[in-house]
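Novice: Below is protein.txt; it holds compact mmCIF, N, CA and C atoms.
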```txt
# COMPACT_ATOMS: atom_id res chain seq x y z
N TRP A 1 226.80 104.16 237.63
CA TRP A 1 226.39 103.27 236.57
C TRP A 1 227.00 101.89 236.82
N PRO A 2 226.30 100.88 236.40
CA PRO A 2 226.81 99.52 236.61
C PRO A 2 227.99 99.22 235.69
N ASP A 3 228.67 98.14 236.02
CA ASP A 3 229.73 97.65 235.13
C ASP A 3 229.09 97.24 233.82
N PRO A 4 229.85 97.33 232.72
CA PRO A 4 229.30 96.89 231.43
C PRO A 4 229.02 95.39 231.45
N PRO A 5 228.09 94.95 230.61
CA PRO A 5 227.83 93.51 230.53
C PRO A 5 229.04 92.77 229.97
N ALA A 6 229.06 91.48 230.19
CA ALA A 6 230.17 90.65 229.69
C ALA A 6 230.34 90.84 228.19
N GLY A 7 231.57 91.07 227.76
CA GLY A 7 231.89 91.22 226.35
C GLY A 7 231.81 92.64 225.82
N ALA A 8 231.16 93.53 226.53
CA ALA A 8 231.02 94.91 226.06
C ALA A 8 232.34 95.65 226.26
N ASN A 9 232.66 96.53 225.32
CA ASN A 9 233.92 97.25 225.41
C ASN A 9 233.74 98.70 225.84
N HIS A 10 232.53 99.08 226.20
CA HIS A 10 232.34 100.41 226.76
C HIS A 10 231.20 100.40 227.78
N ARG A 11 231.16 101.44 228.57
CA ARG A 11 230.19 101.54 229.66
C ARG A 11 229.01 102.41 229.23
N PRO A 12 227.86 102.19 229.85
CA PRO A 12 226.74 103.10 229.60
C PRO A 12 227.06 104.46 230.23
N GLY A 13 226.44 105.49 229.70
CA GLY A 13 226.68 106.82 230.25
C GLY A 13 225.42 107.66 230.19
N ARG A 14 225.38 108.68 231.04
CA ARG A 14 224.24 109.59 231.06
C ARG A 14 224.44 110.61 229.96
N LYS A 15 223.78 110.40 228.82
CA LYS A 15 223.90 111.29 227.68
C LYS A 15 222.51 111.56 227.12
N ALA A 16 222.29 112.78 226.68
CA ALA A 16 221.00 113.11 226.07
C ALA A 16 220.75 112.20 224.88
N GLY A 17 219.56 111.64 224.80
CA GLY A 17 219.21 110.77 223.68
C GLY A 17 219.42 109.30 223.95
N SER A 18 220.12 108.94 225.00
CA SER A 18 220.30 107.54 225.37
C SER A 18 219.03 107.06 226.07
N LEU A 19 218.76 105.78 225.94
CA LEU A 19 217.58 105.19 226.57
C LEU A 19 217.98 104.05 227.47
N VAL A 20 217.26 103.91 228.57
CA VAL A 20 217.44 102.75 229.43
C VAL A 20 216.10 102.07 229.58
N SER A 21 216.15 100.78 229.82
CA SER A 21 214.95 100.00 230.08
C SER A 21 215.15 99.26 231.39
N LEU A 22 214.23 99.50 232.31
CA LEU A 22 214.24 98.82 233.59
C LEU A 22 213.09 97.83 233.61
N VAL A 23 213.35 96.64 234.11
CA VAL A 23 212.30 95.64 234.29
C VAL A 23 212.36 95.22 235.75
N ASP A 24 211.26 95.40 236.44
CA ASP A 24 211.20 95.12 237.88
C ASP A 24 212.31 95.84 238.63
N GLY A 25 212.61 97.07 238.20
CA GLY A 25 213.60 97.89 238.87
C GLY A 25 215.04 97.57 238.54
N GLU A 26 215.29 96.62 237.65
CA GLU A 26 216.66 96.24 237.29
C GLU A 26 217.00 96.73 235.88
N LEU A 27 218.20 97.31 235.74
CA LEU A 27 218.65 97.74 234.43
C LEU A 27 218.73 96.52 233.51
N THR A 28 218.08 96.62 232.37
CA THR A 28 218.07 95.50 231.43
C THR A 28 218.67 95.89 230.08
N LEU A 29 218.34 97.10 229.58
CA LEU A 29 218.87 97.56 228.30
C LEU A 29 219.35 99.00 228.40
N PHE A 30 220.40 99.31 227.66
CA PHE A 30 220.88 100.67 227.48
C PHE A 30 221.09 100.84 225.99
N LEU A 31 220.34 101.76 225.37
CA LEU A 31 220.48 102.04 223.95
C LEU A 31 221.21 103.36 223.82
N GLU A 32 222.38 103.31 223.24
CA GLU A 32 223.22 104.49 223.08
C GLU A 32 222.53 105.52 222.18
N ARG A 33 222.83 106.78 222.44
CA ARG A 33 222.30 107.85 221.59
C ARG A 33 222.60 107.51 220.13
N GLY A 34 221.58 107.58 219.29
CA GLY A 34 221.74 107.21 217.89
C GLY A 34 221.35 105.76 217.62
N GLY A 35 221.31 104.94 218.66
CA GLY A 35 220.81 103.57 218.55
C GLY A 35 221.75 102.54 217.96
N LYS A 36 223.00 102.89 217.68
CA LYS A 36 223.90 101.93 217.05
C LYS A 36 224.37 100.83 218.01
N THR A 37 224.49 101.18 219.28
CA THR A 37 225.01 100.22 220.25
C THR A 37 223.97 99.94 221.32
N LEU A 38 223.77 98.67 221.60
CA LEU A 38 222.84 98.23 222.64
C LEU A 38 223.62 97.43 223.66
N LEU A 39 223.46 97.80 224.91
CA LEU A 39 224.04 97.01 226.00
C LEU A 39 222.88 96.31 226.70
N ALA A 40 223.03 95.03 226.97
CA ALA A 40 221.96 94.25 227.59
C ALA A 40 222.52 93.46 228.77
N TRP A 41 221.77 93.48 229.85
CA TRP A 41 222.12 92.73 231.05
C TRP A 41 221.11 91.62 231.22
N PRO A 42 221.35 90.45 230.62
CA PRO A 42 220.41 89.34 230.77
C PRO A 42 220.38 88.83 232.21
N ALA A 43 219.33 88.11 232.53
CA ALA A 43 219.22 87.50 233.86
C ALA A 43 220.35 86.49 234.02
N GLY A 44 220.64 86.13 235.25
CA GLY A 44 221.70 85.16 235.53
C GLY A 44 221.42 83.82 234.90
N GLU A 45 222.47 83.02 234.77
CA GLU A 45 222.35 81.71 234.14
C GLU A 45 221.33 80.81 234.82
N ALA A 46 221.16 80.98 236.11
CA ALA A 46 220.21 80.14 236.83
C ALA A 46 218.77 80.44 236.41
N GLU A 47 218.52 81.69 235.95
CA GLU A 47 217.17 82.08 235.57
C GLU A 47 216.87 81.81 234.11
N ALA A 48 217.87 81.82 233.25
CA ALA A 48 217.62 81.64 231.82
C ALA A 48 218.80 80.93 231.17
N ALA A 49 218.50 79.90 230.41
CA ALA A 49 219.55 79.14 229.74
C ALA A 49 220.07 79.88 228.50
N SER A 50 219.23 80.67 227.85
CA SER A 50 219.62 81.42 226.67
C SER A 50 218.86 82.74 226.66
N PRO A 51 219.30 83.71 225.85
CA PRO A 51 218.60 85.00 225.81
C PRO A 51 217.11 84.86 225.47
N GLU A 52 216.78 83.91 224.60
CA GLU A 52 215.37 83.72 224.23
C GLU A 52 214.52 83.26 225.40
N ASP A 53 215.14 82.63 226.39
CA ASP A 53 214.42 82.14 227.57
C ASP A 53 214.34 83.18 228.69
N ASP A 54 214.97 84.31 228.50
CA ASP A 54 215.05 85.35 229.53
C ASP A 54 213.82 86.27 229.41
N ALA A 55 212.83 86.05 230.26
CA ALA A 55 211.58 86.82 230.20
C ALA A 55 211.84 88.31 230.44
N ARG A 56 212.76 88.63 231.32
CA ARG A 56 213.07 90.04 231.61
C ARG A 56 213.64 90.72 230.37
N LEU A 57 214.55 90.05 229.67
CA LEU A 57 215.15 90.60 228.46
C LEU A 57 214.11 90.74 227.35
N ARG A 58 213.28 89.73 227.19
CA ARG A 58 212.22 89.80 226.16
C ARG A 58 211.27 90.97 226.44
N THR A 59 210.92 91.19 227.69
CA THR A 59 210.03 92.29 228.05
C THR A 59 210.66 93.64 227.69
N ALA A 60 211.94 93.81 228.00
CA ALA A 60 212.63 95.07 227.71
C ALA A 60 212.74 95.30 226.21
N VAL A 61 213.06 94.27 225.45
CA VAL A 61 213.20 94.41 224.00
C VAL A 61 211.84 94.71 223.37
N GLU A 62 210.78 94.07 223.84
CA GLU A 62 209.44 94.35 223.30
C GLU A 62 209.04 95.79 223.60
N ALA A 63 209.36 96.30 224.78
CA ALA A 63 209.05 97.70 225.11
C ALA A 63 209.82 98.65 224.17
N LEU A 64 211.07 98.32 223.88
CA LEU A 64 211.87 99.12 222.95
C LEU A 64 211.23 99.10 221.56
N ALA A 65 210.82 97.92 221.12
CA ALA A 65 210.18 97.80 219.81
C ALA A 65 208.86 98.57 219.75
N GLN A 66 208.07 98.51 220.81
CA GLN A 66 206.81 99.25 220.84
C GLN A 66 207.05 100.75 220.77
N SER A 67 208.08 101.24 221.45
CA SER A 67 208.41 102.66 221.40
C SER A 67 208.81 103.08 219.99
N ALA A 68 209.59 102.24 219.33
CA ALA A 68 210.01 102.54 217.96
C ALA A 68 208.81 102.52 217.01
N ARG A 69 207.93 101.53 217.15
CA ARG A 69 206.75 101.45 216.29
C ARG A 69 205.81 102.63 216.50
N ALA A 70 205.76 103.13 217.72
CA ALA A 70 204.89 104.26 218.04
C ALA A 70 205.46 105.59 217.51
N GLY A 71 206.67 105.55 217.00
CA GLY A 71 207.28 106.74 216.44
C GLY A 71 208.09 107.54 217.43
N ALA A 72 208.22 107.07 218.66
CA ALA A 72 208.96 107.80 219.68
C ALA A 72 210.47 107.81 219.42
N LEU A 73 210.96 106.85 218.67
CA LEU A 73 212.40 106.74 218.44
C LEU A 73 212.80 106.97 216.99
N GLY A 74 211.86 106.95 216.09
CA GLY A 74 212.21 106.97 214.68
C GLY A 74 212.73 105.59 214.30
N SER A 75 213.45 105.52 213.20
CA SER A 75 214.04 104.26 212.78
C SER A 75 215.25 103.95 213.67
N VAL A 76 215.36 102.71 214.12
CA VAL A 76 216.47 102.29 214.98
C VAL A 76 217.22 101.17 214.28
N THR A 77 218.53 101.34 214.14
CA THR A 77 219.38 100.29 213.59
C THR A 77 220.46 99.97 214.62
N VAL A 78 220.38 98.80 215.21
CA VAL A 78 221.35 98.36 216.21
C VAL A 78 222.46 97.61 215.47
N GLU A 79 223.68 98.13 215.58
CA GLU A 79 224.82 97.52 214.89
C GLU A 79 225.63 96.60 215.80
N ARG A 80 225.68 96.94 217.10
CA ARG A 80 226.47 96.15 218.05
C ARG A 80 225.67 95.91 219.30
N ILE A 81 225.77 94.68 219.84
CA ILE A 81 225.12 94.30 221.09
C ILE A 81 226.19 93.70 221.99
N ASN A 82 226.42 94.34 223.11
CA ASN A 82 227.43 93.88 224.08
C ASN A 82 228.79 93.61 223.42
N GLY A 83 229.17 94.48 222.50
CA GLY A 83 230.47 94.38 221.87
C GLY A 83 230.55 93.49 220.64
N ALA A 84 229.50 92.76 220.34
CA ALA A 84 229.49 91.86 219.18
C ALA A 84 228.59 92.44 218.08
N ALA A 85 228.82 92.02 216.86
CA ALA A 85 227.95 92.43 215.76
C ALA A 85 226.53 91.97 216.05
N ALA A 86 225.57 92.86 215.86
CA ALA A 86 224.17 92.55 216.19
C ALA A 86 223.66 91.32 215.45
N LEU A 87 224.11 91.14 214.21
CA LEU A 87 223.61 90.02 213.42
C LEU A 87 224.08 88.67 213.94
N SER A 88 225.18 88.65 214.70
CA SER A 88 225.69 87.38 215.21
C SER A 88 225.55 87.24 216.72
N ALA A 89 225.11 88.29 217.39
CA ALA A 89 224.96 88.24 218.85
C ALA A 89 223.75 87.39 219.24
N PRO A 90 223.87 86.56 220.26
CA PRO A 90 222.73 85.74 220.69
C PRO A 90 221.50 86.58 221.04
N ILE A 91 221.70 87.75 221.60
CA ILE A 91 220.57 88.61 221.95
C ILE A 91 219.90 89.18 220.71
N GLY A 92 220.60 89.17 219.59
CA GLY A 92 220.00 89.62 218.33
C GLY A 92 218.76 88.83 217.96
N ARG A 93 218.72 87.56 218.33
CA ARG A 93 217.54 86.74 218.04
C ARG A 93 216.32 87.25 218.80
N VAL A 94 216.54 87.80 219.98
CA VAL A 94 215.44 88.37 220.77
C VAL A 94 214.91 89.61 220.06
N LEU A 95 215.80 90.44 219.50
CA LEU A 95 215.37 91.61 218.76
C LEU A 95 214.58 91.21 217.51
N GLU A 96 215.05 90.19 216.81
CA GLU A 96 214.34 89.72 215.63
C GLU A 96 212.94 89.22 215.98
N ALA A 97 212.80 88.54 217.10
CA ALA A 97 211.49 88.05 217.53
C ALA A 97 210.55 89.21 217.86
N ALA A 98 211.12 90.36 218.23
CA ALA A 98 210.30 91.54 218.55
C ALA A 98 209.99 92.39 217.32
N GLY A 99 210.51 91.99 216.15
CA GLY A 99 210.17 92.70 214.92
C GLY A 99 211.31 93.40 214.23
N PHE A 100 212.52 93.35 214.77
CA PHE A 100 213.68 93.93 214.09
C PHE A 100 214.02 93.04 212.88
N HIS A 101 214.49 93.68 211.80
CA HIS A 101 214.84 92.94 210.59
C HIS A 101 216.33 93.11 210.28
N ALA A 102 216.92 92.06 209.76
CA ALA A 102 218.35 92.08 209.42
C ALA A 102 218.58 92.96 208.20
N THR A 103 219.61 93.79 208.28
CA THR A 103 220.08 94.61 207.17
C THR A 103 221.59 94.43 207.11
N PRO A 104 222.24 94.90 206.07
CA PRO A 104 223.70 94.77 206.03
C PRO A 104 224.41 95.46 207.21
N ARG A 105 223.80 96.50 207.79
CA ARG A 105 224.43 97.22 208.89
C ARG A 105 224.10 96.67 210.25
N GLY A 106 223.00 95.94 210.38
CA GLY A 106 222.61 95.41 211.69
C GLY A 106 221.14 95.05 211.71
N LEU A 107 220.50 95.25 212.86
CA LEU A 107 219.08 94.93 213.03
C LEU A 107 218.30 96.23 213.10
N ARG A 108 217.31 96.38 212.20
CA ARG A 108 216.58 97.64 212.08
C ARG A 108 215.11 97.45 212.37
N LEU A 109 214.55 98.49 212.99
CA LEU A 109 213.10 98.55 213.22
C LEU A 109 212.67 99.96 212.84
N ARG A 110 211.67 100.03 211.98
CA ARG A 110 211.12 101.32 211.55
C ARG A 110 209.74 101.51 212.15
N PRO A 111 209.37 102.78 212.34
CA PRO A 111 208.02 103.04 212.89
C PRO A 111 206.93 102.61 211.93
```
Starting from the file, lay out its structure as structure tokens.
Specialist:
Amino acid sequence: WPDPPAGANHRPGRKAGSLVSLVDGELTLFLERGGKTLLAWPAGEAEAASPEDDARLRTAVEALAQSARAGALGSVTVERINGAAALSAPIGRVLEAAGFHATPRGLRLRP
């Protein structure tokens, strides 16, 4: 498994119920079993100035949102992204653009 993304305090692991998203063969998202923690590997600074400009990250988040809307995941509430609270994490804005809504616990998407 790769090193955790910058700021994350734990590593991804092979566990039943965890999800990964690959874009063009590169690990982009790891959603922990239960969906509370999301690890994201954005493209390098040369490719994207901010998470919203990262096409690879947007593609992975949209695929996650489509899976949740289709009922494959049930309701998903992401509380932490790369070690930070989801509501204040820069990548949280990408989730909101894909249809996640702010709640007191984090960012939620229901089927």
Novice: What is the CA of Glu32 (chain A)-CA of Ala55 (chain A) distance in Å, reported with one decimal?
Specialist: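 Computed distance, CA of Glu32 (chain A) to CA of Ala55 (chain A), equals 22.3 Å.
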Novice: Taking the DSSP secondary structure from the backbone, can you list the residues of chain A that are helix (DSSP H, G or I), as a PyMOL selection string?
Specialist: chain A and resi 51-53+55-69+92-97
Novice: Include N, CA and C atoms and write out the residues we just selected as a PDB file, in the coordinates of the input.
Specialist:
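Done, and the output landed in again_32.pdb:
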```pdb
ATOM      1  N   PRO A  51     219.300  83.710 225.850  1.00  0.00           N
ATOM      2  CA  PRO A  51     218.600  85.000 225.810  1.00  0.00           C
ATOM      3  C   PRO A  51     217.110  84.860 225.470  1.00  0.00           C
ATOM      4  N   GLU A  52     216.780  83.910 224.600  1.00  0.00           N
ATOM      5  CA  GLU A  52     215.370  83.720 224.230  1.00  0.00           C
ATOM      6  C   GLU A  52     214.520  83.260 225.400  1.00  0.00           C
ATOM      7  N   ASP A  53     215.140  82.630 226.390  1.00  0.00           N
ATOM      8  CA  ASP A  53     214.420  82.140 227.570  1.00  0.00           C
ATOM      9  C   ASP A  53     214.340  83.180 228.690  1.00  0.00           C
ATOM     10  N   ALA A  55     212.830  86.050 230.260  1.00  0.00           N
ATOM     11  CA  ALA A  55     211.580  86.820 230.200  1.00  0.00           C
ATOM     12  C   ALA A  55     211.840  88.310 230.440  1.00  0.00           C
ATOM     13  N   ARG A  56     212.760  88.630 231.320  1.00  0.00           N
ATOM     14  CA  ARG A  56     213.070  90.040 231.610  1.00  0.00           C
ATOM     15  C   ARG A  56     213.640  90.720 230.370  1.00  0.00           C
ATOM     16  N   LEU A  57     214.550  90.050 229.670  1.00  0.00           N
ATOM     17  CA  LEU A  57     215.150  90.600 228.460  1.00  0.00           C
ATOM     18  C   LEU A  57     214.110  90.740 227.350  1.00  0.00           C
ATOM     19  N   ARG A  58     213.280  89.730 227.190  1.00  0.00           N
ATOM     20  CA  ARG A  58     212.220  89.800 226.160  1.00  0.00           C
ATOM     21  C   ARG A  58     211.270  90.970 226.440  1.00  0.00           C
ATOM     22  N   THR A  59     210.920  91.190 227.690  1.00  0.00           N
ATOM     23  CA  THR A  59     210.030  92.290 228.050  1.00  0.00           C
ATOM     24  C   THR A  59     210.660  93.640 227.690  1.00  0.00           C
ATOM     25  N   ALA A  60     211.940  93.810 228.000  1.00  0.00           N
ATOM     26  CA  ALA A  60     212.630  95.070 227.710  1.00  0.00           C
ATOM     27  C   ALA A  60     212.740  95.300 226.210  1.00  0.00           C
ATOM     28  N   VAL A  61     213.060  94.270 225.450  1.00  0.00           N
ATOM     29  CA  VAL A  61     213.200  94.410 224.000  1.00  0.00           C
ATOM     30  C   VAL A  61     211.840  94.710 223.370  1.00  0.00           C
ATOM     31  N   GLU A  62     210.780  94.070 223.840  1.00  0.00           N
ATOM     32  CA  GLU A  62     209.440  94.350 223.300  1.00  0.00           C
ATOM     33  C   GLU A  62     209.040  95.790 223.600  1.00  0.00           C
ATOM     34  N   ALA A  63     209.360  96.300 224.780  1.00  0.00           N
ATOM     35  CA  ALA A  63     209.050  97.700 225.110  1.00  0.00           C
ATOM     36  C   ALA A  63     209.820  98.650 224.170  1.00  0.00           C
ATOM     37  N   LEU A  64     211.070  98.320 223.880  1.00  0.00           N
ATOM     38  CA  LEU A  64     211.870  99.120 222.950  1.00  0.00           C
ATOM     39  C   LEU A  64     211.230  99.100 221.560  1.00  0.00           C
ATOM     40  N   ALA A  65     210.820  97.920 221.120  1.00  0.00           N
ATOM     41  CA  ALA A  65     210.180  97.800 219.810  1.00  0.00           C
ATOM     42  C   ALA A  65     208.860  98.570 219.750  1.00  0.00           C
ATOM     43  N   GLN A  66     208.070  98.510 220.810  1.00  0.00           N
ATOM     44  CA  GLN A  66     206.810  99.250 220.840  1.00  0.00           C
ATOM     45  C   GLN A  66     207.050 100.750 220.770  1.00  0.00           C
ATOM     46  N   SER A  67     208.080 101.240 221.450  1.00  0.00           N
ATOM     47  CA  SER A  67     208.410 102.660 221.400  1.00  0.00           C
ATOM     48  C   SER A  67     208.810 103.080 219.990  1.00  0.00           C
ATOM     49  N   ALA A  68     209.590 102.240 219.330  1.00  0.00           N
ATOM     50  CA  ALA A  68     210.010 102.540 217.960  1.00  0.00           C
ATOM     51  C   ALA A  68     208.810 102.520 217.010  1.00  0.00           C
ATOM     52  N   ARG A  69     207.930 101.530 217.150  1.00  0.00           N
ATOM     53  CA  ARG A  69     206.750 101.450 216.290  1.00  0.00           C
ATOM     54  C   ARG A  69     205.810 102.630 216.500  1.00  0.00           C
ATOM     55  N   GLY A  92     220.600  89.170 219.590  1.00  0.00           N
ATOM     56  CA  GLY A  92     220.000  89.620 218.330  1.00  0.00           C
ATOM     57  C   GLY A  92     218.760  88.830 217.960  1.00  0.00           C
ATOM     58  N   ARG A  93     218.720  87.560 218.330  1.00  0.00           N
ATOM     59  CA  ARG A  93     217.540  86.740 218.040  1.00  0.00           C
ATOM     60  C   ARG A  93     216.320  87.250 218.800  1.00  0.00           C
ATOM     61  N   VAL A  94     216.540  87.800 219.980  1.00  0.00           N
ATOM     62  CA  VAL A  94     215.440  88.370 220.770  1.00  0.00           C
ATOM     63  C   VAL A  94     214.910  89.610 220.060  1.00  0.00           C
ATOM     64  N   LEU A  95     215.800  90.440 219.500  1.00  0.00           N
ATOM     65  CA  LEU A  95     215.370  91.610 218.760  1.00  0.00           C
ATOM     66  C   LEU A  95     214.580  91.210 217.510  1.00  0.00           C
ATOM     67  N   GLU A  96     215.050  90.190 216.810  1.00  0.00           N
ATOM     68  CA  GLU A  96     214.340  89.720 215.630  1.00  0.00           C
ATOM     69  C   GLU A  96     212.940  89.220 215.980  1.00  0.00           C
ATOM     70  N   ALA A  97     212.800  88.540 217.100  1.00  0.00           N
ATOM     71  CA  ALA A  97     211.490  88.050 217.530  1.00  0.00           C
ATOM     72  C   ALA A  97     210.550  89.210 217.860  1.00  0.00           C
TER      73      ALA A  97
END
```
Novice: Could you check the closest approach to Glu79 (chain A) for each of A:Gly35, A:Gly99, A:Pro2, A:Pro111 and tell me which residue wins, using only N, CA and C atoms?
Specialist: A:Gly35
Novice: Just how far from atom N of Val20 (chain A) is CA of Glu96 (chain A), in Å to one decimal?
Specialist: 19.4 Å
Novice: Which protein, DNA or RNA residues are at most 8 Å from (225.4, 92.4, 229.6) in the file's coordinates when you count only C-alpha atoms, listed as a list in words?
Specialist: Pro4, Pro5, Ala6, Gly7, Ala8, Leu39, Ala40, Trp41, Pro42 and Asn82 of chain A
Novice: Counting only C-alpha atoms, figure out which residue out of A:Val78, A:Ala43, A:Leu73, A:Ala85 gets nearest to His101 (chain A).
Specialist: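 That would be A:Val78, the residue with the smallest distance to His101 (chain A).
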Novice: Quick one: residues within 12 Å of Gly34 (chain A), only C-alpha atoms counted, chain neighbours fewer than 2 positions away excluded, as a PyMOL selection string?
Specialist: chain A and resi 15-19+30-32+36-38+73-79
Novice: What gap, in Å, lies between atom N of Ala89 (chain A) and atom C of Val61 (chain A)?
Specialist: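 Atom N of Ala89 (chain A) sits 15.9 Å away from atom C of Val61 (chain A).
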Novice: Just the residues within 8 Å of Leu95 (chain A), please, counting all atoms listed in the file, with nothing from its chain fewer than 5 positions along; format it as a PyMOL selection string.
Specialist: chain A and resi 58+61-62+90+100-101+107-108
Novice: Taking the DSSP secondary structure from the backbone, can you list the residues of region 20-109 of chain A that are strand (DSSP E), as a count of residues only?
Specialist: 26
Novice: Go through A:Ile81, A:Ala63, A:Ala70, A:Val94 one by one, measure the shortest atom-to-atom distance of each to Arg110 (chain A) using only N, CA and C atoms, and give the residue with the smallest value.
Specialist: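 For Arg110 (chain A), the nearest of the candidates is A:Ala70.
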Novice: Taking all atoms listed in the file into account, which of A:Gly13, A:Gly71, A:Gly83, A:Thr28 comes nearest Leu57 (chain A)?
Specialist: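 Between A:Gly13, A:Gly71, A:Gly83, A:Thr28, the residue approaching Leu57 (chain A) most closely is A:Thr28.
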Novice: Taking all atoms of region 61-78 of chain A that appear in the file, build a box with edges along x, y and z, extend it by 3 Å on every side, and state its centre and edge lengths in Å to one decimal, as AutoDock Vina command-line options.
Specialist:
```
--center_x 213.7 --center_y 100.9 --center_z 219.1 --size_x 23.6 --size_y 19.7 --size_z 18.7
```
Novice: Kindly complete region 34-41 of chain A to all heavy atoms; the output should be written as a PDB file, in the frame of the given file.
Specialist:
```pdb
ATOM      1  N   GLY A  34     221.580 107.580 219.290  1.00  0.00           N
ATOM      2  CA  GLY A  34     221.740 107.210 217.890  1.00  0.00           C
ATOM      3  C   GLY A  34     221.350 105.760 217.620  1.00  0.00           C
ATOM      4  O   GLY A  34     221.100 105.380 216.491  1.00  0.00           O
ATOM      5  N   GLY A  35     221.310 104.940 218.660  1.00  0.00           N
ATOM      6  CA  GLY A  35     220.810 103.570 218.550  1.00  0.00           C
ATOM      7  C   GLY A  35     221.750 102.540 217.960  1.00  0.00           C
ATOM      8  O   GLY A  35     221.357 101.405 217.759  1.00  0.00           O
ATOM      9  N   LYS A  36     223.000 102.890 217.680  1.00  0.00           N
ATOM     10  CA  LYS A  36     223.900 101.930 217.050  1.00  0.00           C
ATOM     11  C   LYS A  36     224.370 100.830 218.010  1.00  0.00           C
ATOM     12  O   LYS A  36     224.647  99.724 217.590  1.00  0.00           O
ATOM     13  CB  LYS A  36     225.115 102.634 216.458  1.00  0.00           C
ATOM     14  CG  LYS A  36     224.771 103.490 215.271  1.00  0.00           C
ATOM     15  CD  LYS A  36     226.012 104.116 214.692  1.00  0.00           C
ATOM     16  CE  LYS A  36     225.652 104.947 213.480  1.00  0.00           C
ATOM     17  NZ  LYS A  36     226.833 105.507 212.841  1.00  0.00           N
ATOM     18  N   THR A  37     224.490 101.180 219.280  1.00  0.00           N
ATOM     19  CA  THR A  37     225.010 100.220 220.250  1.00  0.00           C
ATOM     20  C   THR A  37     223.970  99.940 221.320  1.00  0.00           C
ATOM     21  O   THR A  37     223.375 100.857 221.872  1.00  0.00           O
ATOM     22  CB  THR A  37     226.291 100.777 220.916  1.00  0.00           C
ATOM     23  OG1 THR A  37     227.266 101.009 219.905  1.00  0.00           O
ATOM     24  CG2 THR A  37     226.847  99.793 221.931  1.00  0.00           C
ATOM     25  N   LEU A  38     223.770  98.670 221.600  1.00  0.00           N
ATOM     26  CA  LEU A  38     222.840  98.230 222.640  1.00  0.00           C
ATOM     27  C   LEU A  38     223.620  97.430 223.660  1.00  0.00           C
ATOM     28  O   LEU A  38     224.387  96.537 223.305  1.00  0.00           O
ATOM     29  CB  LEU A  38     221.744  97.356 222.025  1.00  0.00           C
ATOM     30  CG  LEU A  38     220.698  96.802 222.990  1.00  0.00           C
ATOM     31  CD1 LEU A  38     219.793  97.918 223.488  1.00  0.00           C
ATOM     32  CD2 LEU A  38     219.873  95.733 222.304  1.00  0.00           C
ATOM     33  N   LEU A  39     223.460  97.800 224.910  1.00  0.00           N
ATOM     34  CA  LEU A  39     224.040  97.010 226.000  1.00  0.00           C
ATOM     35  C   LEU A  39     222.880  96.310 226.700  1.00  0.00           C
ATOM     36  O   LEU A  39     221.838  96.936 226.955  1.00  0.00           O
ATOM     37  CB  LEU A  39     224.785  97.896 226.996  1.00  0.00           C
ATOM     38  CG  LEU A  39     225.987  98.665 226.444  1.00  0.00           C
ATOM     39  CD1 LEU A  39     226.590  99.555 227.525  1.00  0.00           C
ATOM     40  CD2 LEU A  39     227.031  97.714 225.898  1.00  0.00           C
ATOM     41  N   ALA A  40     223.030  95.030 226.970  1.00  0.00           N
ATOM     42  CA  ALA A  40     221.960  94.250 227.590  1.00  0.00           C
ATOM     43  C   ALA A  40     222.520  93.460 228.770  1.00  0.00           C
ATOM     44  O   ALA A  40     223.591  92.883 228.679  1.00  0.00           O
ATOM     45  CB  ALA A  40     221.341  93.291 226.570  1.00  0.00           C
ATOM     46  N   TRP A  41     221.770  93.480 229.850  1.00  0.00           N
ATOM     47  CA  TRP A  41     222.120  92.730 231.050  1.00  0.00           C
ATOM     48  C   TRP A  41     221.110  91.620 231.220  1.00  0.00           C
ATOM     49  O   TRP A  41     220.060  91.802 231.846  1.00  0.00           O
ATOM     50  CB  TRP A  41     222.097  93.650 232.278  1.00  0.00           C
ATOM     51  CG  TRP A  41     223.244  94.596 232.342  1.00  0.00           C
ATOM     52  CD1 TRP A  41     224.394  94.416 233.045  1.00  0.00           C
ATOM     53  CD2 TRP A  41     223.371  95.866 231.698  1.00  0.00           C
ATOM     54  NE1 TRP A  41     225.222  95.505 232.876  1.00  0.00           N
ATOM     55  CE2 TRP A  41     224.620  96.409 232.048  1.00  0.00           C
ATOM     56  CE3 TRP A  41     222.552  96.602 230.843  1.00  0.00           C
ATOM     57  CZ2 TRP A  41     225.059  97.637 231.587  1.00  0.00           C
ATOM     58  CZ3 TRP A  41     222.993  97.824 230.379  1.00  0.00           C
ATOM     59  CH2 TRP A  41     224.234  98.327 230.749  1.00  0.00           C
TER      60      TRP A  41
END
```
